[in-house]
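One file, structure.txt, carrying compact mmCIF, C-alpha atoms:
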# COMPACT_ATOMS: atom_id res chain seq x y z
CA MET A 229 0.00 0.00 0.00
CA VAL A 230 1.41 3.39 -1.04
CA SER A 231 1.83 6.20 1.47
CA GLY A 232 -1.27 8.31 1.93
CA LEU A 233 -1.98 12.00 1.72
CA GLY A 234 -3.79 13.31 4.79
CA ILE A 235 -6.88 15.52 4.82
CA ARG A 236 -5.73 17.72 7.73
CA GLY A 237 -8.43 20.38 7.86
CA LEU A 238 -12.00 20.90 6.66
CA GLY A 239 -14.21 23.89 5.90
CA ALA A 240 -17.71 23.97 4.43
CA VAL A 241 -20.51 26.23 3.30
CA THR A 242 -23.62 24.30 2.22
CA GLY A 243 -27.38 24.49 2.15
CA TYR A 244 -27.25 23.57 5.83
CA GLY A 245 -25.38 26.77 6.68
CA TRP A 246 -21.95 28.31 7.04
CA GLY A 247 -19.48 25.92 8.65
CA VAL A 248 -18.59 22.28 9.10
CA GLU A 249 -20.75 21.82 12.18
CA PRO A 250 -24.02 22.79 10.45
CA LEU A 251 -23.11 20.35 7.67
CA TRP A 252 -22.45 17.51 10.12
CA GLU A 253 -25.56 18.20 12.18
CA GLY A 254 -27.66 18.39 9.03
CA LEU A 255 -26.32 15.12 7.67
CA LEU A 256 -26.88 13.31 10.97
CA SER A 257 -30.43 14.66 11.22
CA GLY A 258 -31.42 12.81 8.04
CA LYS A 259 -33.24 15.96 6.88
CA HIS A 260 -32.44 17.51 3.53
CA ALA A 261 -30.76 20.90 3.19
CA ALA A 262 -33.18 22.30 0.61
CA SER A 263 -35.51 25.19 1.26
CA LEU A 264 -38.41 26.51 -0.78
CA LEU A 265 -37.20 29.48 -2.85
CA ASP A 266 -39.32 31.76 -5.02
CA GLY A 267 -38.79 32.80 -8.64
CA TYR A 268 -38.15 29.46 -10.36
CA GLY A 269 -39.83 27.58 -13.21
CA GLU A 270 -40.57 28.49 -16.83
CA GLY A 271 -42.28 31.72 -15.87
CA ARG A 272 -40.14 32.44 -12.78
CA ASP A 273 -43.45 32.29 -10.92
CA ARG A 274 -43.22 29.20 -8.74
CA PRO A 275 -41.22 28.15 -5.71
CA ALA A 276 -38.55 25.44 -5.96
CA TRP A 277 -36.82 23.13 -3.49
CA VAL A 278 -33.12 24.06 -3.77
CA ALA A 279 -30.29 23.43 -1.28
CA ALA A 280 -28.86 26.89 -1.86
CA VAL A 281 -26.05 28.70 -0.06
CA LEU A 282 -27.89 31.43 1.80
CA PRO A 283 -26.41 34.91 2.39
CA GLY A 284 -23.68 35.03 5.00
CA GLY A 285 -19.92 35.17 5.34
CA ASP A 286 -17.56 38.10 5.74
CA ASP A 287 -18.68 41.49 4.39
CA SER A 288 -15.05 42.32 3.55
CA ASP A 289 -15.09 39.53 0.93
CA GLY A 290 -17.44 41.58 -1.24
CA PRO A 291 -21.07 41.17 -2.27
CA SER A 292 -20.78 37.77 -3.94
CA ARG A 293 -22.04 34.53 -2.36
CA PHE A 294 -19.46 32.72 -4.50
CA GLY A 295 -16.44 34.71 -3.28
CA ARG A 296 -17.63 34.76 0.31
CA ALA A 297 -18.30 31.02 0.35
CA MET A 298 -14.97 30.12 -1.29
CA ARG A 299 -12.89 32.20 1.10
CA GLY A 300 -15.02 31.34 4.12
CA ALA A 301 -14.64 27.60 3.57
CA ALA A 302 -10.89 27.96 2.95
CA ARG A 303 -10.38 30.02 6.12
CA GLU A 304 -12.24 27.44 8.18
CA ALA A 305 -10.18 24.56 6.73
CA ILE A 306 -6.87 26.36 7.36
CA ALA A 307 -7.84 27.26 10.94
CA ASP A 308 -9.03 23.69 11.53
CA ALA A 309 -5.80 22.19 10.18
CA ARG A 310 -3.67 24.47 12.33
CA ALA A 311 -5.73 23.60 15.41
CA ARG A 312 -5.14 19.90 14.65
CA GLY A 313 -1.35 20.38 14.49
CA TRP A 314 -0.63 21.26 10.85
CA ARG A 315 2.15 23.76 10.19
CA GLU A 316 2.43 24.86 6.58
CA GLY A 317 5.58 24.35 4.59
CA ARG A 318 7.37 26.88 2.44
CA ARG A 319 5.32 26.10 -0.69
CA VAL A 320 1.56 25.99 -0.12
CA GLY A 321 -0.41 25.51 -3.33
CA LEU A 322 -4.05 26.31 -4.01
CA LEU A 323 -6.37 24.27 -6.21
CA HIS A 324 -9.89 25.52 -6.85
CA ALA A 325 -12.41 23.15 -8.44
CA VAL A 326 -14.98 25.25 -10.26
CA VAL A 327 -17.29 24.70 -13.24
CA LEU A 328 -19.63 27.70 -13.29
CA GLY A 329 -17.86 30.44 -11.42
CA GLU A 330 -19.15 33.87 -10.48
CA VAL A 331 -22.72 33.33 -11.72
CA ASP A 332 -24.51 35.98 -9.63
CA LEU A 333 -22.19 38.86 -10.46
CA TRP A 334 -21.93 37.98 -14.17
CA LYS A 335 -25.74 37.91 -14.34
CA ASP A 336 -25.86 41.34 -12.72
CA PHE A 337 -23.05 42.60 -15.00
CA TYR A 338 -24.98 41.79 -18.19
CA LEU A 339 -28.65 42.11 -17.23
CA GLN A 340 -28.74 44.80 -14.53
CA ARG A 341 -25.74 47.02 -15.17
CA GLY A 342 -25.27 46.72 -18.94
CA GLY A 343 -21.57 45.97 -18.59
CA ASP A 344 -20.89 49.38 -17.04
CA VAL A 345 -19.09 48.69 -13.77
CA SER A 346 -16.05 50.02 -11.97
CA LYS A 347 -12.65 48.44 -12.48
CA ARG A 348 -12.88 47.02 -8.96
CA ASP A 349 -16.25 45.40 -9.65
CA TYR A 350 -15.06 44.04 -12.99
CA LEU A 351 -12.05 42.39 -11.35
CA ARG A 352 -14.38 40.61 -8.92
CA LEU A 353 -15.70 38.66 -11.93
CA MET A 354 -12.32 37.19 -12.84
CA PRO A 355 -11.72 33.56 -11.78
CA SER A 356 -8.23 34.56 -10.63
CA THR A 357 -9.48 37.12 -8.10
CA PRO A 358 -10.78 34.94 -5.23
CA MET A 359 -7.68 32.77 -5.56
CA SER A 360 -5.33 35.77 -5.57
CA LEU A 361 -7.03 37.29 -2.53
CA LEU A 362 -6.77 34.02 -0.61
CA MET A 363 -3.09 33.58 -1.47
CA GLN A 364 -2.41 37.16 -0.37
CA GLU A 365 -4.34 36.76 2.88
CA PHE A 366 -2.27 33.77 4.00
CA ASP A 367 1.01 34.67 2.26
CA PHE A 368 1.02 31.40 0.31
CA HIS A 369 3.44 31.18 -2.63
CA GLY A 370 2.95 27.77 -4.20
CA PRO A 371 1.13 27.31 -7.52
CA ALA A 372 -2.54 28.34 -7.77
CA MET A 373 -4.79 26.79 -10.38
CA ASN A 374 -8.43 26.08 -11.23
CA VAL A 375 -9.59 22.52 -11.96
CA SER A 376 -12.73 21.72 -13.94
CA ALA A 377 -14.20 18.29 -14.69
CA MET A 378 -17.93 18.94 -14.29
CA CYS A 379 -19.51 17.02 -11.37
CA SER A 380 -16.27 15.08 -11.04
CA SER A 381 -14.24 18.19 -10.22
CA GLY A 382 -13.86 17.48 -6.50
CA ASN A 383 -12.28 14.10 -7.07
CA ALA A 384 -10.21 15.51 -9.92
CA GLY A 385 -8.88 18.26 -7.65
CA LEU A 386 -7.98 15.77 -4.93
CA ILE A 387 -6.10 13.56 -7.40
CA THR A 388 -4.33 16.63 -8.83
CA ALA A 389 -3.31 17.75 -5.34
CA LYS A 390 -1.83 14.31 -4.66
CA ALA A 391 0.06 14.47 -7.96
CA TRP A 392 1.53 17.85 -6.99
CA LEU A 393 2.69 16.47 -3.65
CA ASP A 394 4.02 13.24 -5.16
CA ALA A 395 6.03 15.26 -7.68
CA GLY A 396 7.50 17.54 -5.01
CA ILE A 397 5.96 20.66 -6.54
CA VAL A 398 4.43 21.74 -3.22
CA ASP A 399 4.72 21.02 0.49
CA ASP A 400 0.98 21.37 1.17
CA VAL A 401 -2.20 22.08 -0.79
CA VAL A 402 -5.33 24.00 0.10
CA PHE A 403 -8.05 22.48 -2.06
CA VAL A 404 -11.40 24.23 -2.47
CA ALA A 405 -14.41 23.24 -4.59
CA THR A 406 -17.10 25.88 -5.10
CA ASP A 407 -20.38 25.85 -6.97
CA VAL A 408 -22.95 28.55 -6.25
CA SER A 409 -24.80 28.34 -9.56
CA ALA A 410 -28.33 27.13 -8.74
CA THR A 411 -29.96 30.24 -10.20
CA PRO A 412 -33.45 29.94 -11.72
CA GLU A 413 -31.95 29.95 -15.21
CA ASN A 414 -29.48 27.12 -14.57
CA VAL A 415 -31.96 25.02 -12.58
CA LEU A 416 -34.56 25.36 -15.34
CA HIS A 417 -32.22 23.87 -17.94
CA PHE A 418 -31.39 20.87 -15.75
CA GLU A 419 -35.13 20.38 -15.33
CA ARG A 420 -35.56 20.49 -19.12
CA LEU A 421 -32.85 17.83 -19.39
CA GLY A 422 -35.06 15.62 -17.22
CA VAL A 423 -32.56 15.08 -14.39
CA ALA A 424 -33.38 17.81 -11.83
CA PHE A 425 -36.69 18.08 -10.00
CA THR A 426 -37.61 20.97 -7.74
CA ALA A 427 -41.39 20.91 -7.36
CA SER A 428 -41.29 18.23 -4.65
CA GLU A 429 -39.08 17.76 -1.59
CA PRO A 430 -35.81 15.91 -2.34
CA PRO A 431 -36.72 12.51 -0.76
CA GLU A 432 -39.69 12.27 -3.11
CA VAL A 433 -37.52 12.49 -6.22
CA CYS A 434 -33.91 11.65 -5.27
CA ARG A 435 -33.69 8.05 -4.07
CA PRO A 436 -30.33 6.67 -5.20
CA PHE A 437 -30.35 2.87 -5.63
CA GLN A 438 -34.04 2.73 -4.63
CA GLU A 439 -37.34 2.30 -6.42
CA GLY A 440 -39.17 5.44 -7.49
CA SER A 441 -36.09 7.63 -8.01
CA SER A 442 -36.39 10.28 -10.73
CA GLY A 443 -33.20 12.30 -10.43
CA PHE A 444 -31.81 14.92 -8.10
CA ALA A 445 -32.48 18.17 -6.28
CA MET A 446 -30.11 21.05 -7.00
CA GLY A 447 -27.61 22.15 -4.38
CA GLU A 448 -24.80 24.63 -3.83
CA ALA A 449 -21.65 24.42 -1.73
CA SER A 450 -18.07 25.43 -1.15
CA VAL A 451 -15.89 22.85 0.58
CA ALA A 452 -12.22 23.24 1.49
CA MET A 453 -9.55 20.79 2.61
CA VAL A 454 -5.96 21.16 3.72
CA LEU A 455 -3.91 18.33 2.24
CA SER A 456 -0.49 17.41 3.58
CA ARG A 457 1.71 14.47 4.48
CA SER A 458 2.48 15.78 7.97
CA GLY A 459 1.01 17.63 10.89
CA GLY A 460 -1.50 16.32 13.38
CA VAL A 461 -4.03 13.55 12.99
CA PRO A 462 -5.75 13.53 9.58
CA TYR A 463 -9.45 12.99 9.07
CA LEU A 464 -8.64 10.56 6.27
CA ASN A 465 -5.76 9.44 4.08
CA VAL A 466 -6.07 9.62 0.30
CA LEU A 467 -4.28 6.50 -0.92
CA GLY A 468 -4.71 7.03 -4.64
CA GLY A 469 -7.13 7.49 -7.48
CA ALA A 470 -7.75 7.47 -11.19
CA MET A 471 -9.60 9.38 -13.89
CA SER A 472 -10.95 8.38 -17.30
CA HIS A 473 -13.33 9.61 -19.98
CA ASP A 474 -16.10 7.75 -21.77
CA ALA A 475 -15.74 9.69 -25.06
CA HIS A 476 -19.31 8.62 -25.70
CA HIS A 477 -21.94 11.38 -25.25
CA VAL A 478 -22.33 14.88 -23.83
CA THR A 479 -24.76 13.75 -21.12
CA SER A 480 -25.16 9.96 -21.19
CA ILE A 481 -22.96 7.22 -19.74
CA ASP A 482 -21.51 4.66 -22.14
CA PRO A 483 -23.79 1.66 -21.47
CA ASP A 484 -20.97 -0.89 -21.71
CA LEU A 485 -19.28 0.79 -18.69
CA THR A 486 -15.80 -0.05 -20.00
CA ASP A 487 -14.07 3.18 -19.02
CA ILE A 488 -15.90 3.63 -15.72
CA THR A 489 -14.94 0.09 -14.71
CA ARG A 490 -11.35 0.73 -15.80
CA CYS A 491 -11.31 3.89 -13.67
CA PHE A 492 -12.29 1.89 -10.57
CA GLU A 493 -9.70 -0.79 -11.29
CA GLU A 494 -6.91 1.70 -11.94
CA ALA A 495 -7.76 3.61 -8.77
CA LEU A 496 -7.32 0.42 -6.71
CA ASP A 497 -4.03 -0.30 -8.49
CA ASN A 498 -2.82 3.25 -7.96
CA ALA A 499 -3.68 3.05 -4.25
CA GLY A 500 -1.97 -0.35 -3.93
CA VAL A 501 -5.02 -2.04 -2.41
CA SER A 502 -7.03 -5.16 -3.20
CA ARG A 503 -10.78 -5.52 -3.60
CA SER A 504 -10.99 -7.44 -0.34
CA ASP A 505 -9.85 -4.28 1.51
CA LEU A 506 -12.93 -2.31 0.41
CA ARG A 507 -15.73 -1.60 2.89
CA TYR A 508 -17.80 1.27 1.51
CA LEU A 509 -18.71 2.91 -1.78
CA ASN A 510 -19.50 6.60 -1.35
CA ALA A 511 -21.29 6.74 -4.67
CA HIS A 512 -21.88 9.58 -7.10
CA GLY A 513 -25.50 8.50 -6.59
CA PRO A 514 -27.58 11.30 -8.15
CA GLY A 515 -30.65 9.07 -8.34
CA THR A 516 -30.82 8.93 -12.14
CA ALA A 517 -31.50 5.58 -13.78
CA GLN A 518 -28.26 5.40 -15.75
CA CYS A 519 -25.99 6.36 -12.83
CA ASP A 520 -27.76 3.96 -10.47
CA ARG A 521 -27.33 1.15 -12.98
CA ALA A 522 -23.65 1.92 -13.65
CA GLU A 523 -22.55 2.16 -10.02
CA SER A 524 -24.72 -0.77 -8.90
CA GLU A 525 -23.22 -3.07 -11.54
CA ILE A 526 -19.66 -2.05 -10.71
CA PHE A 527 -20.29 -2.29 -6.98
CA ASN A 528 -21.74 -5.78 -7.35
CA ALA A 529 -18.85 -6.91 -9.54
CA LEU A 530 -15.82 -5.36 -7.80
CA PHE A 531 -16.66 -5.02 -4.10
CA PRO A 532 -16.62 -7.85 -1.53
CA PRO A 533 -19.92 -9.23 -0.17
CA GLU A 534 -19.71 -7.33 3.12
CA ALA A 535 -19.24 -3.92 1.44
CA GLU A 536 -22.03 -1.34 1.61
CA LEU A 537 -22.90 1.77 -0.40
CA TYR A 538 -24.51 5.15 0.17
CA SER A 539 -25.01 8.58 -1.41
CA VAL A 540 -25.59 11.84 0.46
CA LYS A 541 -27.13 13.67 -2.51
CA PRO A 542 -30.67 13.23 -1.11
CA LEU A 543 -29.49 15.36 1.82
CA VAL A 544 -27.12 18.01 0.40
CA GLY A 545 -28.49 18.08 -3.14
CA HIS A 546 -26.43 17.76 -6.29
CA CYS A 547 -23.85 20.50 -5.79
CA GLN A 548 -22.53 20.24 -9.36
CA GLY A 549 -18.85 21.24 -9.49
CA ALA A 550 -18.60 20.93 -5.69
CA ALA A 551 -20.58 17.67 -5.47
CA SER A 552 -17.82 15.15 -4.86
CA ALA A 553 -16.05 17.53 -2.46
CA VAL A 554 -19.15 17.75 -0.24
CA GLU A 555 -19.43 13.97 -0.34
CA LEU A 556 -15.73 13.56 0.49
CA ALA A 557 -16.21 15.88 3.46
CA ALA A 558 -19.08 13.68 4.69
CA THR A 559 -16.79 10.64 4.64
CA ALA A 560 -13.94 12.54 6.29
CA LEU A 561 -16.22 13.62 9.13
CA ALA A 562 -17.59 10.10 9.41
CA HIS A 563 -14.11 8.69 9.98
CA ASP A 564 -13.35 11.41 12.51
CA ARG A 565 -16.59 10.88 14.46
CA GLY A 566 -17.36 7.19 13.97
CA THR A 567 -20.71 7.43 12.18
CA LEU A 568 -21.52 7.32 8.48
CA PRO A 569 -24.20 9.96 7.82
CA ALA A 570 -26.17 8.02 5.21
CA PRO A 571 -29.69 9.24 4.40
CA PRO A 572 -32.61 7.07 5.50
CA LYS A 573 -34.11 4.72 2.93
CA VAL A 574 -37.51 5.73 1.62
CA SER A 575 -38.33 2.75 -0.62
CA ALA A 576 -37.12 -0.72 -1.59
CA GLY A 577 -33.70 -0.78 -3.20
CA HIS A 578 -30.22 -2.25 -3.29
CA PRO A 579 -29.84 -4.83 -0.49
CA ARG A 580 -26.52 -3.32 0.67
CA LEU A 581 -27.63 0.32 0.70
CA LEU A 582 -27.10 1.93 4.11
CA ASP A 583 -30.24 3.10 5.90
CA GLY A 584 -29.64 6.24 7.94
CA PRO A 585 -26.66 7.08 10.18
CA THR A 586 -24.60 3.92 10.70
CA PRO A 587 -21.65 3.09 13.00
CA LEU A 588 -18.45 3.06 10.97
CA SER A 589 -16.79 -0.30 10.33
CA PRO A 590 -13.06 -0.76 9.62
CA GLY A 591 -11.93 -0.71 6.01
CA LEU A 592 -11.46 1.48 2.98
CA THR A 593 -13.94 3.82 1.31
CA VAL A 594 -14.04 4.30 -2.44
CA LYS A 595 -15.48 7.62 -3.64
CA SER A 596 -16.76 7.62 -7.21
CA SER A 597 -17.85 10.63 -9.21
CA LEU A 598 -19.31 10.56 -12.72
CA GLY A 599 -19.34 13.98 -14.34
CA MET A 600 -21.53 15.14 -17.20
CA GLY A 601 -19.92 14.60 -20.57
CA GLY A 602 -18.05 11.43 -19.63
CA HIS A 603 -15.74 12.53 -16.80
CA ASN A 604 -15.09 9.57 -14.49
CA SER A 605 -13.05 9.74 -11.29
CA VAL A 606 -12.46 7.43 -8.33
CA VAL A 607 -10.44 7.97 -5.15
CA VAL A 608 -9.52 5.48 -2.43
CA LEU A 609 -9.70 6.68 1.18
CA ALA A 610 -8.29 5.07 4.32
CA PRO A 611 -8.71 5.73 8.07

Can the structure from this file be put into structure tokens for me?
Amino acid sequence: MVSGLGIRGLGAVTGYGWGVEPLWEGLLSGKHAASLLDGYGEGRDRPAWVAAVLPGGDDSDGPSRFGRAMRGAAREAIADARARGWREGRRVGLLHAVVLGEVDLWKDFYLQRGGDVSKRDYLRLMPSTPMSLLMQEFDFHGPAMNVSAMCSSGNAGLITAKAWLDAGIVDDVVFVATDVSATPENVLHFERLGVAFTASEPPEVCRPFQEGSSGFAMGEASVAMVLSRSGGVPYLNVLGGAMSHDAHHVTSIDPDLTDITRCFEEALDNAGVSRSDLRYLNAHGPGTAQCDRAESEIFNALFPPEAELYSVKPLVGHCQGAASAVELAATALAHDRGTLPAPPKVSAGHPRLLDGPTPLSPGLTVKSSLGMGGHNSVVVLAP
């Protein structure tokens, strides 16, 4: 087994609130993070169940929920890591997983202000700005880069961070994944695609690996992690991972599952573990028919009989570019606190699907993430 990379600190902003503790308490409650928000639908005239990031954060970070959430989550993760014994090295890098960036301010730029803004306000729109401000705040001087692989971006960022550390490019990495894009316009188009449903509460539509599942509820989040090989007791160790691409369709999974299966197998090889070591699959699990089929078939074929699976999307929503990062944080907190915060079952389904919060058993967790357009990623996590 290869040496692991430790998740040393965590920060989170989700539909449950600002901070890791609201996230943990929300997950353990078994209640979804969505609230009923006005102004959605074809005519912008109906309410929708969305697990949105509500206003909050530091006023000095500007007016944007995106910028405030990104920097708020990062600050919390850095403070948490330092409290747990981490001391940063000379070269701290920053990776930011982002698909749709500053949605609110770009919308205002075009539709409300006609492109006529101050230089300061224009610079807030740049994807480099929140990263630059964070690097300045903490006097970090390693590389800083955005990562984008659709819903798979969180896993992709974690694997990239490990590659940086393995190559000796950095001493530590602050990894953040942010998606605050569940505006009425974006949600409407996912509804038109037939995968997002907002007229009913999430448990009525999002039932991964269970009968009666239609798809997912939309969510937003920013999640941050400090990644290092030293300093204090980590939440989890990242043993390895892999990425692949279906090269099949812009939305659909290749039905033969060749490249998804290969991604799982290469992740286990990269981590230096065997299938018998596996205990849990923290699935992508958006509740769509094709994702449920793909992950169920691979789980049944590759995982040992005692392994179990779960998805927290019924609780936090599908947080798009930040989805796998939120789900990684749930597993990290589970290993730190001894309970897996699985959502309760609501209908018949896979016989090895966890039903509500469950005491953690020894073994490895595999986190899979299947991004729109064919992005596949898998990471292997150890206590």

Requested in this report: Choose the residue, out of A:Arg315, A:His417, A:Lys259, A:Arg435, that has the smallest atom-to-atom separation from Asp399 of chain A; count all atoms listed in the file.
Outcome: A:Arg315

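If you look at atom CA of Pro533 of chain A and atom CA of His578 of chain A, they are 12.8 Å away from each other.
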
Requested in this report: Would you kindly identify which residues have an atom no farther than 10 Å from (-26.0, 7.6, -11.1), using only C-alpha atoms and the file's own coordinates, and write them out as an NGL selection string?
Outcome: :A and (436-437 or 443-444 or 481 or 511-524 or 539 or 597-599)

Mind giving me the axis-aligned box for segment 268-272 of chain A with 4 Å on every side, centre plus edges in Å to one decimal, as lines of an AutoDock Vina configuration file?
center_x = -40.2
center_y = 30.0
center_z = -13.6
size_x = 12.1
size_y = 12.9
size_z = 14.5

Query - Shell of 12 Å around Arg272 of chain A, only C-alpha atoms, local chain residues under 2 positions omitted, as a VMD selection string - result: chain A and resid 265 to 270 274 to 276 411 to 413 415 to 416

Query raised in the report: In Å, how far is it from atom CA of Glu249 of chain A to atom CA of Glu304 of chain A?
Result: 11.0 Å

Query - Spatial neighbours of Ser504 of chain A, max dist 12 Å, all atoms listed in the file, sep filter under 5 positions, as a PyMOL selection string - result: chain A and resi 496+530-535+591-593

Suppose we keep C-alpha atoms; can you now write the selection as an mmCIF file, in the frame of the given file?
data_model
loop_
_atom_site.group_PDB
_atom_site.id
_atom_site.type_symbol
_atom_site.label_atom_id
_atom_site.label_comp_id
_atom_site.auth_asym_id
_atom_site.auth_seq_id
_atom_site.Cartn_x
_atom_site.Cartn_y
_atom_site.Cartn_z
ATOM 1 C CA LEU A 496 -7.320 0.420 -6.710
ATOM 2 C CA LEU A 530 -15.820 -5.360 -7.800
ATOM 3 C CA PHE A 531 -16.660 -5.020 -4.100
ATOM 4 C CA PRO A 532 -16.620 -7.850 -1.530
ATOM 5 C CA PRO A 533 -19.920 -9.230 -0.170
ATOM 6 C CA GLU A 534 -19.710 -7.330 3.120
ATOM 7 C CA ALA A 535 -19.240 -3.920 1.440
ATOM 8 C CA GLY A 591 -11.930 -0.710 6.010
ATOM 9 C CA LEU A 592 -11.460 1.480 2.980
ATOM 10 C CA THR A 593 -13.940 3.820 1.310
#

Query raised in the report: atom CA of Tyr244 of chain A and atom CA of Ala377 of chain A, how far apart in Å?
Result: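 Between atom CA of Ala377 of chain A and atom CA of Tyr244 of chain A the gap works out to 24.9 Å.
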
**Report entry** Who sits within 8 Å of segment 540-554 of chain A, only C-alpha atoms, same chain under 2 positions skipped, as number ranges by chain
**Finding:** A: 240, 242-244, 255, 258-262, 278-279, 325-328, 376-383, 405-407, 430-431, 434-436, 444-452, 512-514, 538, 556-558, 569-571, 595-597

Query raised in the report: Leaving out Pro590 of chain A and any residue of its chain fewer than 4 positions from it, which residues lie within 10 Å of it when counting all atoms listed in the file, given as a PyMOL selection string?
Result: chain A and resi 505-508+563+610-611

Export C-alpha atoms of the chosen residues as a PDB file, in the frame of the given file?
ATOM      1  CA  ASP A 505      -9.850  -4.280   1.510  1.00  0.00           C
ATOM      2  CA  LEU A 506     -12.930  -2.310   0.410  1.00  0.00           C
ATOM      3  CA  ARG A 507     -15.730  -1.600   2.890  1.00  0.00           C
ATOM      4  CA  TYR A 508     -17.800   1.270   1.510  1.00  0.00           C
ATOM      5  CA  HIS A 563     -14.110   8.690   9.980  1.00  0.00           C
ATOM      6  CA  ALA A 610      -8.290   5.070   4.320  1.00  0.00           C
ATOM      7  CA  PRO A 611      -8.710   5.730   8.070  1.00  0.00           C
TER       8      PRO A 611
END

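If you measure from each of A:Leu537, A:Leu561, A:Cys491, A:Leu386 to Leu581 of chain A using only C-alpha atoms, the closest one turns out to be A:Leu537.
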
Query raised in the report: So which residues touch Met471 of chain A within 7 Å, counting all atoms listed in the file, skipping near sequence neighbours fewer than 5 positions away, as a list in words?
Result: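 Once the nearby chain positions are removed, what remains is Cys491, Asn604, Ser605 and Val606 of chain A.
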
Report task. Using only C-alpha atoms, find the one residue out of A:Lys335, A:Arg565, A:His603, A:Arg296 that sits nearest to Leu464 of chain A. Result -> A:Arg565

Query raised in the report: Which is closest to Asp487 of chain A among A:Leu509, A:Gly602, A:Leu455, A:Lys390, if we use all atoms listed in the file?
Result: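 For Asp487 of chain A, the nearest of the candidates is A:Gly602.
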